[in-house]
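Contents: one structure, followed by commentary.
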Amino acid sequence: MKNIMIPYALFVLLLRCHLLEDSSCVNEIKQNLEEKLDSLVRHELYTKYKTAPTQEEREKARQEYLNKIGISDDFRW
């Protein structure tokens with residue numbers, strides 16, 4: 001099982017929400033978790049791009065990564 005690191009501020013929000021039952025921070029928690037998930041997906045795509053066994057798989061992963069980070073087709077090589 002992999003460990004995932006989260007920012008201290010998110011950890012505090014999670015504690016506040018779950019232990020103190022403060023539901024006022026739910027939207028902020030959702031936003032932070034979505035950002036973390038996007039970061040994990042970008043990292044996975046980049047890793048796949050760098051470690052793919054064939055040139056075709058590397059290029060496909062590279063295109064997916066560039067799409068995910070929002071690089072326009074005009075700026076790609």
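Every chain in the structure tokens has a letter given in the order shown (A, B, ...), and although residue numbers restart at 1 in each chain, ligands are simply numbered from 1 in the order shown.
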
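The protein and nucleic acid residues lying at most 9 Å from Leu45 in chain A are Leu40, Lys50, Ala61, Arg62, Glu64, Tyr65 and Lys68 of chain A, with only C-alpha atoms considered and sequence neighbours fewer than 5 positions away removed.
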
Go ahead and dump the residues you just picked, N, CA and C atoms, as a PDB file, in the first residue's frame.
ATOM      1  N   LEU A  40      -1.692  13.774  -8.302  1.00  0.00           N
ATOM      2  CA  LEU A  40      -1.334  12.353  -8.382  1.00  0.00           C
ATOM      3  C   LEU A  40      -1.488  11.808  -9.800  1.00  0.00           C
ATOM      4  N   LYS A  50       7.840   8.602 -18.908  1.00  0.00           N
ATOM      5  CA  LYS A  50       9.283   8.404 -18.791  1.00  0.00           C
ATOM      6  C   LYS A  50       9.697   6.936 -18.769  1.00  0.00           C
ATOM      7  N   ALA A  61       1.551   8.450 -23.708  1.00  0.00           N
ATOM      8  CA  ALA A  61       1.574   8.953 -22.332  1.00  0.00           C
ATOM      9  C   ALA A  61       1.978  10.427 -22.298  1.00  0.00           C
ATOM     10  N   ARG A  62       2.907  10.818 -23.166  1.00  0.00           N
ATOM     11  CA  ARG A  62       3.330  12.218 -23.230  1.00  0.00           C
ATOM     12  C   ARG A  62       2.165  13.108 -23.642  1.00  0.00           C
ATOM     13  N   GLU A  64      -1.056  12.466 -23.287  1.00  0.00           N
ATOM     14  CA  GLU A  64      -2.016  12.491 -22.176  1.00  0.00           C
ATOM     15  C   GLU A  64      -1.554  13.460 -21.094  1.00  0.00           C
ATOM     16  N   TYR A  65      -0.265  13.416 -20.781  1.00  0.00           N
ATOM     17  CA  TYR A  65       0.286  14.302 -19.755  1.00  0.00           C
ATOM     18  C   TYR A  65       0.143  15.766 -20.173  1.00  0.00           C
ATOM     19  N   LYS A  68      -3.384  16.865 -19.853  1.00  0.00           N
ATOM     20  CA  LYS A  68      -3.795  17.020 -18.454  1.00  0.00           C
ATOM     21  C   LYS A  68      -3.281  18.333 -17.857  1.00  0.00           C
TER      22      LYS A  68
END

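With CA of Met5 in chain A on one side and CA of Asn32 in chain A on the other, the separation reads 12.4 Å.
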
Which polymer residues have any atom within 12 Å of an atom of Leu15 in chain A, counting only C-alpha atoms, with same-chain residues fewer than 6 positions away left out, as a ChimeraX atom specification?
/A:8-9,21-23,25-26,29

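The closest residue to Phe11 in chain A, picked from A:Glu28, A:Asp38, A:Asp73, A:Glu56 and counting only C-alpha atoms, is A:Glu28.
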
If you run DSSP on this backbone, which residues of chain A come out as alpha helix (DSSP H), and could you give them as a PyMOL selection string?
chain A and resi 8-19+26-51+55-69

Take CA of Lys30 in chain A and CA of Asn3 in chain A and report the distance between them in Å, one decimal.
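Taking CA of Lys30 in chain A and CA of Asn3 in chain A, their separation equals 19.3 Å.
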
For Leu14 in chain A, which residue among A:Leu66, A:Gln55, A:Asn27, A:Ser39 is the nearest when counting only C-alpha atoms?
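Nearest candidate to Leu14 in chain A out of A:Leu66, A:Gln55, A:Asn27, A:Ser39: A:Asn27.
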
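For the atom pair formed by CA of Ile4 in chain A and CA of Tyr49 in chain A, the distance is 21.0 Å, given to one decimal.
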
Top pick for closest residue to Arg42 in chain A, considering A:Leu19, A:Glu57, A:Val12, A:Gln63 and counting only C-alpha atoms
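Ranking A:Leu19, A:Glu57, A:Val12, A:Gln63 by distance to Arg42 in chain A, first place goes to A:Gln63.
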